[in-house]
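First comes the structure, then the notes that go with it.
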Amino acid sequence: MLSRVQVLLISPLKQSVTKSLISLNFSTSEGLSACFRIALLQLQVGLDKAQNLANAVKEIHKAKEKGAELVALPEFFNAPYGTQYFKDYAEEIPCGPSSAAIKCAALEAGVWVVAGTMPECQRDKLYNTCTVWDSKGNLVCVHRKLHLFDIDIPGGIKFKESDVLTAGDGITSFCFKGVKIGLGVCYDLRFFEMAQLMSKDGCSMLLYPGAFNLTTGPLHWELLARARANDLQLWVALVSPARDVKAKYVAWGHSLVVNPWGKVMQKLDERPGTIIMDIDTKVVEQVRTQIPIRKQRRTDVYDTIYTTKKN
Ligand SMILES: O=C(O)CCC(=O)C(=O)O
């Protein structure tokens with residue numbers, strides 16, 4: 001719902017301070033509504049790190065030509081996915097070659113980049129880490145995957161990231177053009193409480209670089225994206241690498257954008273490709289006004305809260 005808010009303006013140009021009151025349209029929950037163009041790059045990723053980086057940089061520039069202002073890359077855009085690879089491909093952030101390539105691409109193209117994830121080493125630990133770069137090439141924030149992907153589905157898939165990786169310990173969001181965007185990495189998508197906290201913090205969009213597989217991908221990828229979008233009434237974007245059937249871990253692909261009504265707005269198949277989508281936070285306001293569940297929660301009966309620090 002929109003409400004009229006009065007803002008006190010103090011002009012620095014006049015000797016005697018001039019005060020004037022103006023009215024602005026503010027949304028009750030998220031601030032001024034805003035619109036921006038996002039690109040999701042479903043990249044082909046292989047064993048050759050230099051080639052992966054060159055491809056990411058080329059596609060960032062192509063996305064800029066299509067008017068993208070914020071460009072998102074997939075989980076492990078610079079390395080194949082698999083516990084056997086993490087150590088060899090890991091870099092310190094922000095001083096490794098992958099950070100350097102993305103910093104430079106963001107600056108040269110003049111776009112913000114959510115650099116999917118890369119294996120990060122710090123001291124003796126490895127993390128699955130998402131970095132965000134602004135259009136001047138500054139590192140805006142870092143999110144280390146909070147929930148490690150440890151599952152065992154007999155006849156389907158067994159994976160144990162925790163054999164090699166350490167989990168992050170915080171929840172991360174950043175502000176782009178006045179829109180707060182929450183970050184998660186792949187398995188993080190399964191954890192509703194994390195998403196709910198980002199929503200409570202004022203996020204209008206959640207962005208997850210991810211790489212589901214051929215067992216859980218068809219079952220849960222789109223379902224989870226739509227569930228998060230519908231429950232929290234915000235935009236959700238998932239960015240996967242393209243499928244490589246010869247890889248040890250075969251990614252599901254199907255990068256997508258879901259709107260705050262829970263509707264899939266754009267979706268790729270398993271091949272390399274790009275989604276270009278205009279994100280309008282007015283839709284967030286609409287659905288939250290028309291189905292006002294955010295105001296109807298029984299926080300006298302239940303709640304979701306932080307138990308530790310925020311990033
Ligand atoms: O949750 C899943 O089914 C897949 C998760 C995954 O592939 C990951 O966290 O990297």
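We label chains A, B, ... in the order they appear in the structure tokens, count residues from 1 in each chain, and number ligands from 1 in the order shown.
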
Backbone-only DSSP, helix (DSSP H, G or I) members of stretch 113-241 of chain A, as an MDAnalysis selection string: chainID A and resid 161:163 186:190 192:200 216:232

Contacts to ligand 1 at 10 Å cut-off (only C-alpha atoms and all ligand atoms) as a ChimeraX atom specification: /A:75-76,81-82,128,145-151,157,159-161,184-191,209-221,224,240,249-252

Nearby residues (only C-alpha atoms) at most 12 Å from stretch 174-176 of chain A, same-chain spacing under 3 positions excluded, as JSON, numbers by chain: {"A": [30, 31, 34, 35, 36, 37, 38, 69, 70, 71, 111, 112, 113, 114, 131, 132, 133, 134, 135, 139, 140, 141, 142, 143, 171, 179, 180, 181, 182, 183, 184, 198, 201, 202, 203, 204, 205, 206, 207, 279, 281, 310, 311]}

Store the residues picked out above in a file with N, CA and C atoms, as a short mmCIF file (atom, residue, chain, number, x, y, z; two decimals), in the first residue's frame.
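As written to disk, selection-v3.cif reads:
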data_model
loop_
_atom_site.label_atom_id
_atom_site.label_comp_id
_atom_site.auth_asym_id
_atom_site.auth_seq_id
_atom_site.Cartn_x
_atom_site.Cartn_y
_atom_site.Cartn_z
N GLU A 30 8.82 -1.17 1.39
CA GLU A 30 10.09 -1.30 0.68
C GLU A 30 10.74 0.02 0.23
N GLY A 31 10.11 1.15 0.39
CA GLY A 31 10.69 2.37 -0.14
C GLY A 31 10.08 2.67 -1.50
N ALA A 34 10.82 0.87 -7.91
CA ALA A 34 11.90 1.05 -8.87
C ALA A 34 11.87 -0.06 -9.90
N CYS A 35 12.53 0.19 -11.01
CA CYS A 35 12.55 -0.77 -12.10
C CYS A 35 13.99 -0.88 -12.61
N PHE A 36 14.43 -2.08 -12.88
CA PHE A 36 15.76 -2.24 -13.49
C PHE A 36 15.76 -3.48 -14.37
N ARG A 37 16.76 -3.54 -15.25
CA ARG A 37 16.85 -4.68 -16.17
C ARG A 37 17.95 -5.64 -15.72
N ILE A 38 17.55 -6.89 -15.52
CA ILE A 38 18.52 -7.90 -15.07
C ILE A 38 18.82 -8.87 -16.22
N GLU A 69 21.37 -3.90 -16.57
CA GLU A 69 22.06 -3.04 -15.60
C GLU A 69 22.69 -3.88 -14.50
N LEU A 70 22.08 -5.03 -14.27
CA LEU A 70 22.58 -5.98 -13.26
C LEU A 70 22.69 -7.34 -13.95
N VAL A 71 23.88 -7.93 -13.89
CA VAL A 71 24.12 -9.19 -14.61
C VAL A 71 24.47 -10.27 -13.58
N VAL A 111 28.29 -2.15 -15.65
CA VAL A 111 27.13 -2.85 -15.06
C VAL A 111 27.52 -3.40 -13.69
N TRP A 112 26.51 -3.68 -12.88
CA TRP A 112 26.75 -4.43 -11.64
C TRP A 112 26.77 -5.91 -11.99
N VAL A 113 27.61 -6.66 -11.30
CA VAL A 113 27.69 -8.10 -11.56
C VAL A 113 27.54 -8.88 -10.25
N VAL A 114 26.59 -9.80 -10.25
CA VAL A 114 26.50 -10.78 -9.16
C VAL A 114 27.24 -12.00 -9.70
N THR A 131 30.13 -13.16 -5.01
CA THR A 131 30.60 -11.78 -4.84
C THR A 131 29.71 -10.85 -5.68
N VAL A 132 29.55 -9.63 -5.19
CA VAL A 132 28.77 -8.64 -5.94
C VAL A 132 29.67 -7.43 -6.22
N TRP A 133 29.70 -6.99 -7.48
CA TRP A 133 30.57 -5.90 -7.94
C TRP A 133 29.72 -4.78 -8.50
N ASP A 134 30.05 -3.53 -8.16
CA ASP A 134 29.28 -2.43 -8.75
C ASP A 134 29.91 -2.00 -10.08
N SER A 135 29.29 -1.03 -10.73
CA SER A 135 29.71 -0.66 -12.09
C SER A 135 31.02 0.14 -12.10
N LEU A 139 33.99 -4.09 -4.96
CA LEU A 139 33.36 -5.26 -4.36
C LEU A 139 32.33 -4.76 -3.33
N VAL A 140 31.07 -5.07 -3.58
CA VAL A 140 29.99 -4.54 -2.73
C VAL A 140 29.73 -5.45 -1.54
N CYS A 141 29.66 -6.76 -1.78
CA CYS A 141 29.44 -7.70 -0.68
C CYS A 141 29.80 -9.11 -1.10
N VAL A 142 29.87 -9.97 -0.11
CA VAL A 142 30.27 -11.36 -0.32
C VAL A 142 29.29 -12.23 0.46
N HIS A 143 28.74 -13.27 -0.20
CA HIS A 143 27.91 -14.23 0.53
C HIS A 143 28.53 -15.63 0.41
N ILE A 171 23.72 -13.91 6.67
CA ILE A 171 22.73 -13.67 5.63
C ILE A 171 23.08 -12.35 4.97
N VAL A 179 16.66 -0.91 -4.68
CA VAL A 179 15.97 -2.18 -4.46
C VAL A 179 16.88 -3.09 -3.64
N LYS A 180 16.36 -3.63 -2.57
CA LYS A 180 17.17 -4.54 -1.76
C LYS A 180 17.03 -5.96 -2.32
N ILE A 181 18.19 -6.57 -2.56
CA ILE A 181 18.23 -7.90 -3.18
C ILE A 181 18.94 -8.85 -2.23
N GLY A 182 18.29 -9.95 -1.89
CA GLY A 182 18.88 -10.94 -0.99
C GLY A 182 19.59 -12.03 -1.78
N LEU A 183 20.67 -12.53 -1.22
CA LEU A 183 21.49 -13.54 -1.91
C LEU A 183 21.44 -14.88 -1.20
N GLY A 184 21.37 -15.94 -2.00
CA GLY A 184 21.53 -17.29 -1.47
C GLY A 184 22.25 -18.10 -2.53
N MET A 198 15.39 -12.42 4.85
CA MET A 198 15.76 -11.43 3.83
C MET A 198 14.54 -10.60 3.44
N ASP A 201 13.85 -8.16 6.05
CA ASP A 201 14.84 -7.07 6.00
C ASP A 201 14.52 -6.06 4.88
N GLY A 202 13.48 -6.34 4.09
CA GLY A 202 13.08 -5.38 3.06
C GLY A 202 13.46 -5.77 1.65
N CYS A 203 13.89 -7.00 1.43
CA CYS A 203 14.25 -7.40 0.07
C CYS A 203 13.00 -7.51 -0.81
N SER A 204 13.11 -7.01 -2.04
CA SER A 204 12.04 -7.15 -3.03
C SER A 204 12.38 -8.23 -4.03
N MET A 205 13.60 -8.73 -3.94
CA MET A 205 14.04 -9.78 -4.86
C MET A 205 15.03 -10.69 -4.14
N LEU A 206 14.97 -11.98 -4.46
CA LEU A 206 15.97 -12.94 -3.99
C LEU A 206 16.65 -13.53 -5.21
N LEU A 207 17.97 -13.62 -5.14
CA LEU A 207 18.75 -14.08 -6.28
C LEU A 207 19.63 -15.24 -5.83
N ILE A 279 12.67 -5.89 -14.00
CA ILE A 279 12.15 -6.15 -12.66
C ILE A 279 11.52 -4.87 -12.13
N THR A 281 9.43 -3.22 -8.98
CA THR A 281 9.01 -3.49 -7.59
C THR A 281 7.56 -3.07 -7.33
N LYS A 310 24.15 -10.40 11.23
CA LYS A 310 23.85 -10.25 9.80
C LYS A 310 25.13 -9.87 9.10
N ASN A 311 25.29 -10.25 7.81
CA ASN A 311 26.47 -9.81 7.03
C ASN A 311 26.36 -8.33 6.73
#

Distance query stretch 88-90 of chain A at most 12 Å, only C-alpha atoms, self and fewer than 4 positions along chain excluded, as a ChimeraX atom specification: /A:46-50,52,76-84,94-99,117-129,164-165

Grab the residues selected above and save them as a compact mmCIF listing (two decimals), in the first residue's frame with C-alpha atoms.
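Final output, saved to part19.txt:
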# COMPACT_ATOMS: atom_id res chain seq x y z
CA GLY A 46 34.18 -26.51 -18.33
CA LEU A 47 37.56 -27.56 -16.97
CA ASP A 48 39.50 -24.63 -18.46
CA LYS A 49 39.30 -21.75 -15.97
CA ALA A 50 40.71 -19.13 -18.37
CA ASN A 52 35.32 -19.96 -18.36
CA PHE A 76 30.68 -21.97 -10.06
CA PHE A 77 30.90 -19.84 -13.20
CA ASN A 78 34.69 -20.29 -13.26
CA ALA A 79 35.06 -23.97 -12.34
CA PRO A 80 33.36 -27.32 -12.80
CA TYR A 81 31.14 -28.33 -9.88
CA GLY A 82 32.40 -31.21 -7.73
CA THR A 83 34.22 -31.70 -4.43
CA GLN A 84 37.28 -32.99 -6.36
CA PRO A 94 39.31 -10.31 -4.01
CA CYS A 95 42.88 -10.87 -5.17
CA GLY A 96 42.52 -13.90 -7.48
CA PRO A 97 42.21 -13.91 -11.29
CA SER A 98 38.44 -14.51 -11.24
CA SER A 99 37.81 -11.47 -9.04
CA THR A 117 29.92 -18.33 -7.07
CA MET A 118 33.54 -19.39 -7.08
CA PRO A 119 35.48 -21.66 -4.78
CA GLU A 120 37.15 -19.35 -2.27
CA CYS A 121 40.15 -20.17 -0.07
CA GLN A 122 40.87 -18.26 3.07
CA ARG A 123 43.59 -19.51 5.38
CA ASP A 124 43.05 -23.28 5.46
CA LYS A 125 39.33 -23.16 4.64
CA LEU A 126 37.32 -23.41 1.40
CA TYR A 127 33.97 -21.73 0.79
CA ASN A 128 31.39 -21.56 -2.01
CA THR A 129 31.22 -17.79 -2.39
CA VAL A 164 35.62 -30.14 1.58
CA LEU A 165 33.79 -26.87 2.19

Gap from atom CA of A:Asp244 to atom CA of A:Val45 - Å, one decimal: 8.0 Å

Computed interatomic separation between atom CA of A:Leu43 and atom CA of A:Pro272 (Å): 5.4 Å

Gap from atom CA of A:Ala247 to atom CA of A:Gly156 - Å, one decimal: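 The value is 16.1 Å.
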
Residues flagged strand (DSSP E or B) by DSSP in stretch 17-200 of chain A, as a count of residues only: 62
